[in-house]
$ cat run.txt   # compact mmCIF, C-alpha atoms and all ligand atoms
# COMPACT_ATOMS: atom_id res chain seq x y z
CA MET A 22 -60.06 -64.19 -177.32
CA ALA A 23 -60.29 -60.91 -175.44
CA LEU A 24 -61.96 -61.02 -172.03
CA SER A 25 -64.94 -58.83 -171.20
CA GLY A 26 -64.82 -56.34 -168.35
CA VAL A 27 -67.15 -58.52 -166.26
CA GLU A 28 -64.94 -61.60 -166.77
CA ILE A 29 -61.88 -59.61 -165.73
CA PHE A 30 -63.74 -58.15 -162.73
CA LYS A 31 -64.30 -61.66 -161.30
CA HIS A 32 -60.51 -61.99 -160.82
CA LEU A 33 -59.88 -58.61 -159.18
CA PRO A 34 -59.81 -58.12 -155.35
CA LYS A 35 -63.22 -56.31 -155.34
CA THR A 36 -62.22 -54.00 -152.48
CA ASN A 37 -62.72 -50.78 -154.47
CA CYS A 38 -59.64 -49.36 -152.74
CA LYS A 39 -58.95 -46.91 -155.64
CA LYS A 40 -55.17 -47.50 -155.56
CA CYS A 41 -55.28 -48.12 -159.32
CA GLY A 42 -56.64 -44.62 -159.89
CA HIS A 43 -60.15 -45.85 -160.69
CA PRO A 44 -63.15 -45.50 -158.39
CA THR A 45 -64.08 -49.19 -158.40
CA CYS A 46 -62.64 -52.56 -159.38
CA LEU A 47 -65.35 -52.80 -162.06
CA ALA A 48 -64.29 -49.47 -163.59
CA PHE A 49 -60.70 -50.71 -163.66
CA ALA A 50 -61.83 -54.01 -165.21
CA MET A 51 -63.58 -52.08 -167.99
CA LYS A 52 -60.39 -50.13 -168.67
CA LEU A 53 -58.40 -53.37 -168.78
CA ALA A 54 -60.89 -54.88 -171.24
CA ALA A 55 -60.55 -51.78 -173.44
CA LYS A 56 -56.72 -52.09 -173.28
CA GLN A 57 -56.60 -48.64 -171.69
CA ALA A 58 -54.93 -49.85 -168.49
CA THR A 59 -52.53 -52.58 -167.43
CA LEU A 60 -52.91 -54.99 -164.54
CA ASP A 61 -49.76 -53.77 -162.77
CA ALA A 62 -51.76 -50.65 -161.73
CA CYS A 63 -53.55 -52.85 -159.15
CA PRO A 64 -51.02 -53.60 -156.40
CA ASP A 65 -53.34 -56.09 -154.71
CA ALA A 66 -53.97 -58.39 -157.68
CA SER A 67 -53.26 -62.00 -156.69
CA GLU A 68 -50.63 -64.13 -158.42
CA GLU A 69 -53.46 -66.28 -159.74
CA ALA A 70 -55.16 -63.21 -161.21
CA LYS A 71 -51.88 -62.02 -162.72
CA ALA A 72 -51.33 -65.39 -164.36
CA PHE A 73 -54.90 -65.49 -165.68
CA LEU A 74 -55.25 -61.89 -166.71
CA GLY A 75 -51.67 -61.20 -167.72
CA ALA A 76 -52.10 -62.30 -171.30
CA ALA A 77 -55.54 -60.69 -171.54
CA SER A 78 -54.22 -57.32 -170.39
CA GLU A 79 -51.22 -57.37 -172.74
CA PRO A 80 -51.42 -54.93 -175.66
CA PRO A 81 -52.32 -56.70 -178.92
CA ILE A 82 -49.04 -55.52 -180.42
CA LYS A 83 -46.08 -56.30 -178.19
CA GLY A 84 -43.86 -53.47 -177.00
CA ILE A 85 -40.23 -53.81 -178.06
CA THR A 86 -37.29 -51.78 -176.76
CA ILE A 87 -34.28 -51.20 -179.00
CA GLY A 88 -31.20 -49.97 -177.19
CA ALA A 89 -30.53 -49.32 -173.52
CA GLY A 90 -30.58 -46.34 -171.19
CA ASP A 91 -32.54 -43.14 -171.50
CA LYS A 92 -32.15 -42.99 -175.30
CA ALA A 93 -33.62 -46.46 -175.84
CA LEU A 94 -36.43 -46.58 -178.40
CA LYS A 95 -39.72 -48.20 -177.40
CA VAL A 96 -41.99 -49.24 -180.27
CA GLY A 97 -45.22 -51.24 -180.56
CA GLU A 98 -48.03 -51.42 -177.98
CA GLU A 99 -50.44 -49.87 -180.46
CA THR A 100 -54.13 -50.49 -179.82
CA VAL A 101 -55.97 -48.80 -182.69
CA LEU A 102 -56.05 -48.88 -186.48
CA PHE A 103 -56.80 -45.20 -186.85
CA ARG A 104 -55.32 -42.38 -184.83
CA HIS A 105 -58.70 -40.67 -184.32
CA GLU A 106 -60.05 -43.77 -182.51
CA LYS A 107 -57.75 -43.05 -179.55
CA LYS A 108 -54.11 -42.29 -180.30
CA PHE A 109 -50.93 -43.92 -181.60
CA VAL A 110 -48.70 -44.69 -178.65
CA ASN A 111 -45.02 -45.18 -179.44
CA PRO A 112 -43.62 -43.15 -182.36
CA CYS A 113 -41.73 -45.14 -184.99
CA GLY A 114 -37.95 -44.87 -185.09
CA PHE A 115 -35.85 -43.81 -188.06
CA ALA A 116 -32.62 -45.65 -188.87
CA LEU A 117 -29.77 -44.61 -191.16
CA ALA A 118 -28.43 -47.55 -193.20
CA ILE A 119 -24.65 -47.83 -193.24
CA LYS A 120 -22.75 -50.57 -195.09
CA ASP A 121 -19.70 -52.09 -193.42
CA THR A 122 -17.88 -51.43 -196.71
CA ASP A 123 -18.54 -47.68 -196.56
CA SER A 124 -15.44 -45.51 -196.24
CA ASP A 125 -17.24 -42.82 -194.20
CA ILE A 126 -18.84 -44.85 -191.43
CA GLU A 127 -17.88 -42.42 -188.65
CA ALA A 128 -19.18 -39.38 -190.56
CA LYS A 129 -22.49 -41.09 -191.34
CA ALA A 130 -22.89 -42.26 -187.76
CA LYS A 131 -22.11 -38.79 -186.49
CA SER A 132 -24.85 -37.37 -188.73
CA VAL A 133 -27.29 -39.48 -186.69
CA SER A 134 -25.96 -37.94 -183.48
CA ASP A 135 -26.34 -34.48 -185.00
CA SER A 136 -29.85 -35.05 -186.35
CA GLU A 137 -31.74 -33.62 -183.38
CA ILE A 138 -34.13 -30.76 -184.08
CA GLU A 139 -36.66 -28.96 -181.93
CA ARG A 140 -40.23 -28.63 -183.18
CA VAL A 141 -43.12 -27.22 -181.16
CA GLY A 142 -41.15 -27.73 -177.98
CA GLN A 143 -40.22 -31.36 -178.58
CA LYS A 144 -36.72 -32.63 -179.29
CA LEU A 145 -36.88 -35.00 -182.28
CA ARG A 146 -34.16 -37.01 -184.00
CA VAL A 147 -33.09 -40.03 -186.03
CA GLU A 148 -32.66 -42.69 -183.36
CA LEU A 149 -30.98 -45.68 -184.97
CA ILE A 150 -28.12 -46.84 -187.18
CA ALA A 151 -28.63 -49.98 -189.26
CA VAL A 152 -25.21 -51.45 -190.02
CA GLU A 153 -25.35 -53.85 -192.96
CA ASN A 154 -22.89 -56.71 -193.38
CA ALA A 155 -22.39 -55.89 -197.09
CA SER A 156 -18.85 -57.31 -197.02
CA GLY A 157 -20.07 -60.73 -195.87
CA ASP A 158 -17.12 -60.82 -193.48
CA PRO A 159 -17.89 -61.05 -189.73
CA ALA A 160 -14.70 -59.26 -188.66
CA THR A 161 -15.31 -56.35 -191.05
CA PHE A 162 -18.90 -56.15 -189.82
CA ALA A 163 -17.86 -56.12 -186.16
CA ALA A 164 -15.29 -53.39 -186.84
CA ALA A 165 -17.87 -51.27 -188.67
CA VAL A 166 -20.35 -51.66 -185.81
CA ALA A 167 -17.67 -50.62 -183.32
CA LYS A 168 -16.90 -47.51 -185.41
CA ALA A 169 -20.57 -46.56 -185.62
CA VAL A 170 -21.06 -46.98 -181.87
CA ALA A 171 -17.97 -44.89 -181.08
CA ALA A 172 -19.11 -42.08 -183.41
CA ALA A 173 -22.75 -42.10 -182.24
CA PRO A 174 -22.85 -43.49 -178.69
CA SER A 175 -26.45 -42.44 -178.07
CA ALA A 176 -27.87 -44.08 -181.23
CA GLY A 177 -29.54 -47.48 -181.12
CA ILE A 178 -28.02 -50.15 -183.37
CA ILE A 179 -29.57 -52.56 -185.85
CA LEU A 180 -27.31 -55.47 -186.82
CA GLU A 181 -28.37 -56.12 -190.40
CA THR A 182 -27.09 -59.53 -191.35
CA GLU A 183 -28.51 -63.02 -191.67
CA ASN A 184 -25.15 -64.55 -190.78
CA PRO A 185 -25.10 -65.70 -187.11
CA ALA A 186 -21.29 -65.56 -187.06
CA ALA A 187 -21.39 -61.86 -188.00
CA VAL A 188 -23.98 -61.15 -185.28
CA GLU A 189 -21.84 -62.99 -182.73
CA ALA A 190 -18.76 -60.98 -183.74
CA ALA A 191 -20.63 -57.67 -183.58
CA LEU A 192 -22.23 -58.45 -180.22
CA THR A 193 -18.78 -58.39 -178.61
CA HIS A 194 -18.89 -54.61 -179.24
CA VAL A 195 -22.57 -53.79 -178.73
CA SER A 196 -24.30 -56.39 -176.58
CA SER A 197 -24.69 -53.85 -173.75
CA LYS A 198 -26.52 -51.53 -176.18
CA LYS A 199 -29.19 -54.17 -176.75
CA PRO A 200 -29.24 -53.89 -180.56
CA LEU A 201 -32.00 -55.14 -182.82
CA ILE A 202 -30.72 -58.26 -184.61
CA CYS A 203 -31.94 -58.30 -188.21
CA GLY A 204 -32.50 -61.02 -188.63
CA ALA A 205 -33.88 -64.48 -188.51
CA ASN A 206 -35.04 -66.37 -191.59
CA ALA A 207 -36.19 -69.94 -192.17
CA ASP A 208 -32.60 -71.17 -192.46
CA ASN A 209 -30.91 -69.48 -189.49
CA VAL A 210 -33.78 -69.16 -187.03
CA GLU A 211 -32.42 -71.42 -184.26
CA ALA A 212 -29.00 -69.77 -184.21
CA MET A 213 -30.44 -66.25 -184.31
CA VAL A 214 -32.95 -66.90 -181.54
CA ASN A 215 -30.18 -68.35 -179.36
CA LEU A 216 -28.01 -65.27 -179.97
CA ALA A 217 -30.90 -62.89 -179.23
CA LYS A 218 -31.76 -64.78 -176.04
CA TYR A 219 -28.12 -64.83 -174.94
CA ALA A 220 -27.61 -61.10 -175.52
CA GLY A 221 -31.09 -60.02 -174.36
CA CYS A 222 -31.78 -58.37 -177.73
CA SER A 223 -34.86 -58.14 -179.91
CA LEU A 224 -34.93 -59.98 -183.23
CA VAL A 225 -36.34 -59.28 -186.69
CA VAL A 226 -38.18 -62.27 -188.17
CA ARG A 227 -38.02 -62.04 -191.95
CA ALA A 228 -39.86 -63.98 -194.65
CA ASP A 229 -41.64 -63.31 -197.93
CA GLY A 230 -45.20 -62.25 -197.19
CA ILE A 231 -47.52 -62.34 -194.21
CA ASP A 232 -48.22 -66.07 -194.07
CA ALA A 233 -44.55 -67.01 -194.16
CA VAL A 234 -43.71 -64.43 -191.48
CA ALA A 235 -46.56 -65.68 -189.27
CA GLN A 236 -45.34 -69.29 -189.57
CA LEU A 237 -41.80 -68.31 -188.69
CA THR A 238 -42.96 -66.13 -185.80
CA GLU A 239 -44.96 -69.02 -184.36
CA LYS A 240 -41.82 -71.12 -184.49
CA VAL A 241 -39.80 -68.41 -182.71
CA VAL A 242 -42.48 -67.99 -180.03
CA GLY A 243 -42.49 -71.77 -179.66
CA MET A 244 -38.78 -71.51 -178.84
CA GLY A 245 -39.68 -69.27 -175.90
CA PHE A 246 -38.73 -65.96 -177.53
CA LYS A 247 -41.16 -63.05 -178.00
CA ASP A 248 -39.11 -59.87 -178.52
CA ILE A 249 -39.90 -59.93 -182.21
CA VAL A 250 -40.06 -57.35 -185.01
CA LEU A 251 -41.66 -58.38 -188.31
CA ASP A 252 -40.26 -57.96 -191.82
CA THR A 253 -42.51 -59.26 -194.61
CA SER A 254 -39.93 -58.21 -197.24
CA ALA A 255 -42.38 -55.63 -198.66
CA ARG A 256 -40.35 -53.03 -200.53
CA LYS A 257 -42.95 -51.56 -202.94
CA PRO A 258 -45.54 -49.06 -201.68
CA LYS A 259 -48.52 -51.22 -202.69
CA ASP A 260 -47.09 -54.23 -200.84
CA MET A 261 -46.17 -52.13 -197.83
CA VAL A 262 -49.64 -50.61 -197.43
CA GLU A 263 -51.43 -53.92 -198.02
CA GLN A 264 -49.24 -56.09 -195.84
CA TYR A 265 -48.72 -53.66 -192.96
CA THR A 266 -52.44 -52.87 -192.84
CA GLN A 267 -53.37 -56.56 -192.88
CA ILE A 268 -50.89 -57.23 -190.08
CA ARG A 269 -52.28 -54.42 -187.93
CA ARG A 270 -55.86 -55.54 -188.59
CA ALA A 271 -55.09 -59.17 -187.86
CA ALA A 272 -53.37 -58.29 -184.58
CA LEU A 273 -56.01 -55.83 -183.35
CA LYS A 274 -59.27 -57.14 -184.76
CA LYS A 275 -58.67 -60.90 -185.03
CA GLY A 276 -56.26 -61.37 -182.14
CA VAL A 277 -53.69 -63.15 -184.36
CA LYS A 278 -50.86 -63.55 -181.86
CA ALA A 279 -48.28 -64.46 -184.52
CA LEU A 280 -48.69 -61.01 -186.05
CA GLY A 281 -48.91 -59.01 -182.81
CA PHE A 282 -45.47 -57.44 -183.16
CA PRO A 283 -44.01 -54.17 -184.48
CA ILE A 284 -42.98 -53.94 -188.15
CA ILE A 285 -39.64 -52.87 -189.63
CA SER A 286 -39.74 -51.26 -193.08
CA PHE A 287 -36.85 -50.75 -195.49
CA ALA A 288 -37.59 -47.58 -197.47
CA VAL A 289 -34.07 -47.53 -198.96
CA ASN A 290 -34.15 -46.55 -202.64
CA GLU A 291 -31.57 -45.09 -205.02
CA ASP A 292 -33.98 -42.29 -205.96
CA PRO A 293 -34.15 -39.96 -202.93
CA PHE A 294 -37.67 -38.80 -203.77
CA VAL A 295 -38.95 -42.37 -204.07
CA GLU A 296 -37.24 -43.16 -200.77
CA GLN A 297 -38.96 -40.19 -199.16
CA ALA A 298 -42.33 -41.35 -200.51
CA LEU A 299 -41.76 -44.94 -199.35
CA ALA A 300 -40.74 -43.75 -195.89
CA SER A 301 -43.82 -41.55 -195.65
CA VAL A 302 -46.03 -44.53 -196.53
CA ALA A 303 -44.26 -46.62 -193.89
CA VAL A 304 -44.68 -43.95 -191.19
CA ALA A 305 -48.35 -43.49 -191.98
CA LYS A 306 -49.13 -47.17 -192.35
CA TYR A 307 -47.90 -48.82 -189.22
CA ALA A 308 -44.14 -49.31 -189.52
CA SER A 309 -42.40 -49.04 -186.16
CA VAL A 310 -38.87 -48.81 -187.56
CA VAL A 311 -38.13 -47.15 -190.92
CA VAL A 312 -34.69 -47.64 -192.48
CA LEU A 313 -33.37 -44.87 -194.76
CA SER A 314 -30.22 -44.61 -196.88
CA ASP A 315 -29.92 -40.88 -196.33
CA ILE A 316 -30.92 -38.49 -193.56
CA SER A 317 -30.34 -35.17 -195.30
CA GLN A 318 -32.22 -32.50 -193.46
CA TRP A 319 -34.74 -31.89 -196.27
CA LYS A 320 -35.85 -35.50 -195.89
CA THR A 321 -35.79 -35.92 -192.16
CA LEU A 322 -37.57 -32.65 -191.44
CA GLY A 323 -40.60 -33.81 -193.40
CA LEU A 324 -40.56 -37.33 -191.98
CA ILE A 325 -40.03 -36.20 -188.41
CA ALA A 326 -42.89 -33.69 -188.72
CA LEU A 327 -45.15 -36.38 -190.23
CA ARG A 328 -44.31 -38.76 -187.39
CA GLN A 329 -44.84 -36.09 -184.76
CA ASN A 330 -48.22 -35.17 -186.20
CA LEU A 331 -49.42 -38.78 -186.37
CA TYR A 332 -48.23 -39.68 -182.90
CA THR A 333 -49.69 -36.61 -181.19
CA ASP A 334 -52.78 -37.37 -179.13
CA PRO A 335 -55.64 -35.93 -181.25
CA GLN A 336 -57.79 -35.45 -178.14
CA VAL A 337 -55.26 -33.22 -176.38
CA PRO A 338 -54.19 -30.03 -178.17
CA MET A 339 -50.49 -29.42 -177.76
CA GLN A 340 -50.12 -26.44 -175.48
CA VAL A 341 -47.62 -24.38 -173.57
CA SER A 342 -48.01 -22.81 -170.15
CA GLN A 343 -49.73 -19.47 -169.71
CA ASN A 344 -46.98 -16.94 -169.05
CA ILE A 345 -45.45 -13.64 -170.08
CA TYR A 346 -42.38 -14.78 -172.02
CA LYS A 347 -39.37 -12.51 -172.38
CA VAL A 348 -37.98 -12.62 -175.93
CA GLY A 349 -34.41 -11.41 -176.15
CA ASP A 350 -33.26 -8.75 -173.71
CA ALA A 351 -36.69 -7.19 -173.36
CA LYS A 352 -36.69 -4.10 -171.17
CA GLU A 353 -39.50 -1.89 -169.88
CA ASP A 354 -40.02 -0.15 -173.21
CA ALA A 355 -40.18 -3.38 -175.25
CA PRO A 356 -43.39 -4.10 -177.16
CA LEU A 357 -45.99 -6.41 -175.60
CA LEU A 358 -47.82 -8.92 -177.79
CA VAL A 359 -50.55 -11.32 -176.81
CA THR A 360 -51.42 -14.71 -178.32
CA THR A 361 -52.91 -18.08 -177.32
CA ASN A 362 -51.22 -21.13 -175.81
CA PHE A 363 -51.64 -23.54 -178.76
CA SER A 364 -48.07 -24.88 -179.13
CA LEU A 365 -47.88 -24.35 -182.86
CA THR A 366 -49.15 -20.78 -182.53
CA TYR A 367 -46.73 -20.06 -179.69
CA PHE A 368 -43.63 -21.45 -181.43
CA ILE A 369 -44.42 -19.80 -184.76
CA VAL A 370 -45.05 -16.41 -183.14
CA LEU A 371 -42.00 -16.81 -180.90
CA GLY A 372 -39.83 -17.72 -183.90
CA GLU A 373 -40.94 -14.68 -185.87
CA VAL A 374 -40.49 -12.31 -182.91
CA GLU A 375 -36.97 -13.73 -182.50
CA ASN A 376 -36.37 -13.24 -186.24
CA SER A 377 -37.28 -9.57 -185.87
CA LYS A 378 -34.36 -9.10 -183.42
CA VAL A 379 -36.66 -6.73 -181.54
CA PRO A 380 -36.64 -7.66 -177.83
CA SER A 381 -40.28 -8.12 -176.84
CA TRP A 382 -42.69 -9.41 -174.22
CA LEU A 383 -44.95 -12.23 -175.42
CA ALA A 384 -48.09 -12.73 -173.34
CA VAL A 385 -49.29 -16.30 -173.89
CA MET A 386 -52.81 -16.80 -172.63
CA GLU A 387 -54.39 -20.09 -171.53
CA THR A 388 -57.03 -21.02 -174.13
CA GLU A 389 -57.00 -24.81 -173.64
CA GLY A 390 -54.48 -25.15 -176.45
CA LEU A 391 -56.68 -23.54 -179.11
CA SER A 392 -55.30 -21.34 -181.88
CA VAL A 393 -56.22 -17.66 -182.09
CA LEU A 394 -59.29 -17.81 -184.32
CA THR A 395 -60.59 -21.06 -182.80
CA ALA A 396 -60.15 -19.72 -179.28
CA TRP A 397 -61.94 -16.50 -180.23
CA ALA A 398 -64.81 -18.45 -181.83
CA ALA A 399 -65.01 -20.67 -178.72
CA GLY A 400 -65.23 -17.66 -176.41
CA LYS A 401 -61.85 -18.34 -174.78
CA PHE A 402 -59.96 -15.40 -176.31
CA THR A 403 -62.40 -12.57 -175.75
CA ALA A 404 -61.78 -8.93 -174.84
CA ALA A 405 -62.89 -9.53 -171.24
CA LYS A 406 -60.64 -12.57 -170.79
CA ILE A 407 -57.61 -10.94 -172.42
CA ALA A 408 -58.08 -7.83 -170.27
CA GLN A 409 -58.38 -9.92 -167.11
CA TYR A 410 -55.27 -11.87 -168.00
CA ILE A 411 -53.20 -8.75 -168.72
CA GLN A 412 -54.36 -7.09 -165.48
CA GLU A 413 -53.60 -10.16 -163.35
CA SER A 414 -50.34 -11.10 -165.07
CA GLY A 415 -48.20 -8.47 -163.36
CA ILE A 416 -46.83 -7.22 -166.68
CA GLU A 417 -47.76 -3.64 -165.78
CA GLY A 418 -44.98 -3.71 -163.19
CA LYS A 419 -42.41 -4.71 -165.81
CA ILE A 420 -43.14 -2.28 -168.65
CA SER A 421 -43.20 1.50 -168.85
CA HIS A 422 -45.96 1.76 -171.45
CA LYS A 423 -49.54 0.60 -171.88
CA GLU A 424 -49.71 -0.68 -175.41
CA LEU A 425 -50.87 -4.19 -176.26
CA ILE A 426 -50.42 -5.71 -179.73
CA ILE A 427 -53.17 -8.20 -180.59
CA PRO A 428 -53.22 -10.68 -183.50
CA GLY A 429 -54.65 -9.26 -186.73
CA TYR A 430 -57.17 -12.10 -186.89
CA VAL A 431 -58.95 -10.68 -183.83
CA ALA A 432 -58.83 -7.02 -184.87
CA VAL A 433 -62.54 -6.98 -184.05
CA LEU A 434 -61.61 -7.09 -180.35
CA SER A 435 -59.64 -3.83 -180.32
CA GLY A 436 -62.53 -1.52 -179.39
CA ALA A 437 -63.88 -3.76 -176.65
CA LEU A 438 -60.37 -4.27 -175.29
CA GLU A 439 -59.80 -0.54 -174.97
CA ASP A 440 -63.02 -0.39 -172.95
CA LYS A 441 -61.93 -3.28 -170.73
CA LEU A 442 -58.36 -1.98 -170.30
CA PRO A 443 -58.79 1.76 -169.55
CA GLY A 444 -55.68 3.78 -170.35
CA TRP A 445 -54.27 1.12 -172.69
CA LYS A 446 -53.65 1.54 -176.39
CA ILE A 447 -54.62 -1.52 -178.40
CA THR A 448 -52.65 -1.99 -181.60
CA VAL A 449 -53.71 -4.51 -184.21
CA GLY A 450 -50.76 -6.60 -185.36
CA PRO A 451 -50.46 -8.59 -188.58
CA ARG A 452 -52.77 -11.51 -189.35
CA GLU A 453 -49.92 -13.86 -190.21
CA ALA A 454 -46.93 -14.38 -187.92
CA ASN A 455 -44.48 -14.15 -190.81
CA ALA A 456 -45.28 -10.45 -191.08
CA LEU A 457 -44.22 -9.82 -187.47
CA PRO A 458 -40.51 -9.08 -188.14
CA ALA A 459 -41.32 -6.21 -190.51
CA PHE A 460 -44.13 -5.01 -188.24
CA LEU A 461 -41.93 -4.94 -185.13
CA LYS A 462 -38.95 -3.36 -186.95
CA ASN A 463 -41.16 -0.60 -188.38
CA LYS A 464 -42.70 -0.01 -185.00
CA THR A 465 -39.32 0.28 -183.29
CA ALA A 466 -38.00 2.57 -186.02
CA ALA A 467 -41.03 4.83 -185.70
CA ALA A 468 -40.73 5.09 -181.90
FE1 LIG A 501 -59.81 -52.77 -157.22
FE2 LIG A 501 -57.16 -53.18 -157.42
FE3 LIG A 501 -58.24 -50.89 -158.25
FE4 LIG A 501 -58.14 -51.43 -155.64
S1 LIG A 501 -56.39 -51.14 -157.01
S2 LIG A 501 -59.88 -50.57 -156.81
S3 LIG A 501 -58.45 -53.61 -155.64
S4 LIG A 501 -58.63 -52.91 -159.08
$ encode --input "run.txt" --output "structure tokens"
Amino acid sequence: MALSGVEIFKHLPKTNCKKCGHPTCLAFAMKLAAKQATLDACPDASEEAKAFLGAASEPPIKGITIGAGDKALKVGEETVLFRHEKKFVNPCGFALAIKDTDSDIEAKAKSVSDSEIERVGQKLRVELIAVENASGDPATFAAAVAKAVAAAPSAGIILETENPAAVEAALTHVSSKKPLICGANADNVEAMVNLAKYAGCSLVVRADGIDAVAQLTEKVVGMGFKDIVLDTSARKPKDMVEQYTQIRRAALKKGVKALGFPIISFAVNEDPFVEQALASVAVAKYASVVVLSDISQWKTLGLIALRQNLYTDPQVPMQVSQNIYKVGDAKEDAPLLVTTNFSLTYFIVLGEVENSKVPSWLAVMETEGLSVLTAWAAGKFTAAKIAQYIQESGIEGKISHKELIIPGYVAVLSGALEDKLPGWKITVGPREANALPAFLKNKTAAA
């Protein structure tokens, strides 16, 4: 049962020293009760308080780390059912399934290494390789795992076998990478837990349905092991949505400890479009690891964008710093464009200016991360503010002209801007960024 803020407060030092970043111990206690802070932020908490409050301040879904080093993947620690309630915390990981009987293990593993893309300023990738012991032979499995690790050293590894001997053989090659062992079932649970404990790895607990998984998880926790990932064996979209949602609800709303762990989902399907749909369901409905049979770019681009959108804090618009950005080898006669600092706006405009091959200056104005029309409607992208920004930016010392290109959506500002920026010519650019290449090329040709 979750503790109230007042109950938690009774166990804090009550010195109001502010070292935790909160003005009073009571304010900190309220944050702890809301699962928006952790007890380790209070350096003066007594051992007795830590013991008492430790469990109460733990997130309802345990955090699990797969892999080691700076590329390790942290999943779990979610605190809400719906993203708009607060935010989703740790983005799910994608894993490429490779069979130990495949003839192109290195090439597939390398495709994981090469999967990184950049979207709105963030580097995104497929993080994991799930090696399956399809041969049934431990030595073949261990050799396949070694090949995958050599070809993709930065990828996390999932050891997909229910044979403890195969896990033991593979661990000789990857124990330092802290793989996810996948996994334990009712028949092998003791051996798998011992291997996971020995190697310091996390462990998938697999059974058919929620009740069976919960029973097995309780057994594993009873053995003193908690680094658990759940697999309810749901492979159809209806089962996935129902079971994953029930698990999340049970963990968050009912405090069911046996289900307070991240979920692994196998979206693998022979039809690539069905697989894409299954993976999308898994990403949207609470899976923390999604296993795919194929990471062709057309699939991963959509999934990575979906994941990025869901795991972006909805209360904080993604934004870039206010600055005059030089695009290409912009010189003093290069055109000057202005836009807002909403990340998506910035990267789309930047991309299209780059596509034009016309070196340019891009003035990105602080509008609290709002897009052009929203910022204009909110009074943050007005003629007076744009003029002030341009005058204070120092751009006049870098260019030999006084022409400013404004977004077509705020054409209405052109007259007022010419009043606010005496001596400047205000040119209305296109409404949509994809028209910028033609616009800039025509402009340069006409000059
Ligand atoms: Fe209270 Fe600890 Fe925060 Fe200090 S750091 S205000 S003692 S909760």
$ residues_near_point --input "run.txt" --point "(-52.4, 2.1, -173.4)" --cutoff "7 Å" --atoms "all atoms listed in the file" --output "ChimeraX atom specification"
/A:422-424,444-447
$ closest_residue --input "run.txt" --among "A:Tyr430, A:Trp319, A:Phe246, A:Tyr410" --to "Val393 of chain A" --atoms "only C-alpha atoms"
A:Tyr430
$ residues_around --input "run.txt" --residues "Val241 of chain A" --least-positions-apart "5" --cutoff "9 Å" --atoms "all atoms listed in the file" --output "PyMOL selection string"
chain A and resi 210-211+214+226+236+246-247+249
$ closest_residue --input "run.txt" --among "A:Cys41, A:Ala207, A:Leu324, A:Ala72" --to "Ala58 of chain A" --atoms "all atoms listed in the file"
A:Cys41
$ residues_near_ligand --input "run.txt" --ligand "ligand LIG 501 (chain A)" --cutoff "9 Å" --atoms "all atoms listed in the file" --output "list in words"
Phe30, Leu33, Pro34, Lys35, Thr36, Asn37, Cys38, Lys39, Lys40, Cys41, Gly42, His43, Pro44, Thr45, Cys46, Leu47, Ala48, Phe49, Ala50, Leu60, Ala62, Cys63, Pro64, Asp65 and Ala66 of chain A
$ atom_distance --input "run.txt" --atom1 "atom CA of Gly276 of chain A" --atom2 "atom CA of Pro81 of chain A"
6.9 Å
$ residues_around --input "run.txt" --residues "Gly245 of chain A" --least-positions-apart "5" --cutoff "12 Å" --atoms "only C-alpha atoms" --output "VMD selection string"
chain A and resid 211 214 to 215 217 to 218 238 to 240
